[in-house]
Amino acid sequence: MTLFKGLKHINLDLNLIQALAGSIALGFLGAGIGAFFIRRVQIGKTDPNHRFDQVERIFVVLQILTACAIAFAHGSNDVANAIGPLAAIVNAVENVDLNPAKAPVAPWMLAIGGLGIVIGLATWGYRVMETVGKKITELTPSRGFAAQLAAASTIVLASRLGIPISTTHTLVGAVLGVGLARGITALDLRVVGNILASWIATLPIAAALSVFFYFFFKGLLSA
């Protein structure tokens with residue numbers, strides 16, 4: 001929000017370039033200060049496995065926050081993808097206006113979209129969660145945190161720019177990145193191949209079904 005809105009409540013109105021430059025500068029400053037204090041910390045000799053477990057327990061808590069961020073990002077993009085055509089159809093029926101840019105989005109439309117996501121998650125969502133969370137690569141809390149943070153950032157930025165993207169594809173890409181960080185052998189290439197094949201197949205299948213349903217209902221209603 002600071003990037004796009006600035007800090008107007010303290011009379012600091014930044015444009016996008018200024019906000020980006022300031023964010024980068026503050027990021028480097030914070031990293032330098034953090035590195036200075038980290039070097040001054042004396043770490044005693046402990047079991048590396050014990051320290052690893054302690055770090056992973058911290059990321060268990062942090063991953064709850066990134067999971068909430070993913071849920072927010074999911075709603076900000078996928079609900080809009082589904083509700084956009086619905087709003088255009090309702091506007092055309094009620095006002096005989098075929099301009100989708102003027103179609104208002106009523107709260108009940110957003111409620112339907114949110115309810116649909118919840119029902120889908122509660123019924124068949126576990127299959128996708130199992131594939132993304134277990135079958136692509138081995139995920140620990142720290143790796144899951146990195147993947148979720150990357151995916152949520154990408155999706156929210158796309159939503160802010162008005163770009164409809166697939167949240168599932170984005171998250172799968174983030175998980176692939178985490179796996180590639182450990183080497184190509186960390187990935188289950190068979191599962192990755194199946195996912196890529198499904199991505200390619202869904203485009204023509206969805207297009208063909210769309211054409212079929214269009215002519216089916218057109219013929220049904222005009223009969």
# chains A, B, ... in the order shown; residues from 1 in each chain; ligands from 1
>>> closest_atom_pairs(of="stretch 147-174 of chain A", to="stretch 198-201 of chain A", cutoff="12 Å", atoms="only C-alpha atoms", output="JSON lines")
{"residue": "A:Ser166", "atom": "CA", "partner": "A:Trp199", "partner_atom": "CA", "distance": 10.5}
{"residue": "A:Thr168", "atom": "CA", "partner": "A:Trp199", "partner_atom": "CA", "distance": 10.5}
{"residue": "A:His169", "atom": "CA", "partner": "A:Trp199", "partner_atom": "CA", "distance": 8.4}
{"residue": "A:Thr170", "atom": "CA", "partner": "A:Trp199", "partner_atom": "CA", "distance": 12.0}
{"residue": "A:Val172", "atom": "CA", "partner": "A:Trp199", "partner_atom": "CA", "distance": 11.2}
>>> closest_residue(among="A:Thr137, A:Gln148, A:Thr66, A:Thr123", to="A:Leu187", atoms="only C-alpha atoms")
A:Thr137
>>> atom_distance(atom1="atom CA of A:Ile117", atom2="atom CA of A:His74")
9.0 Å
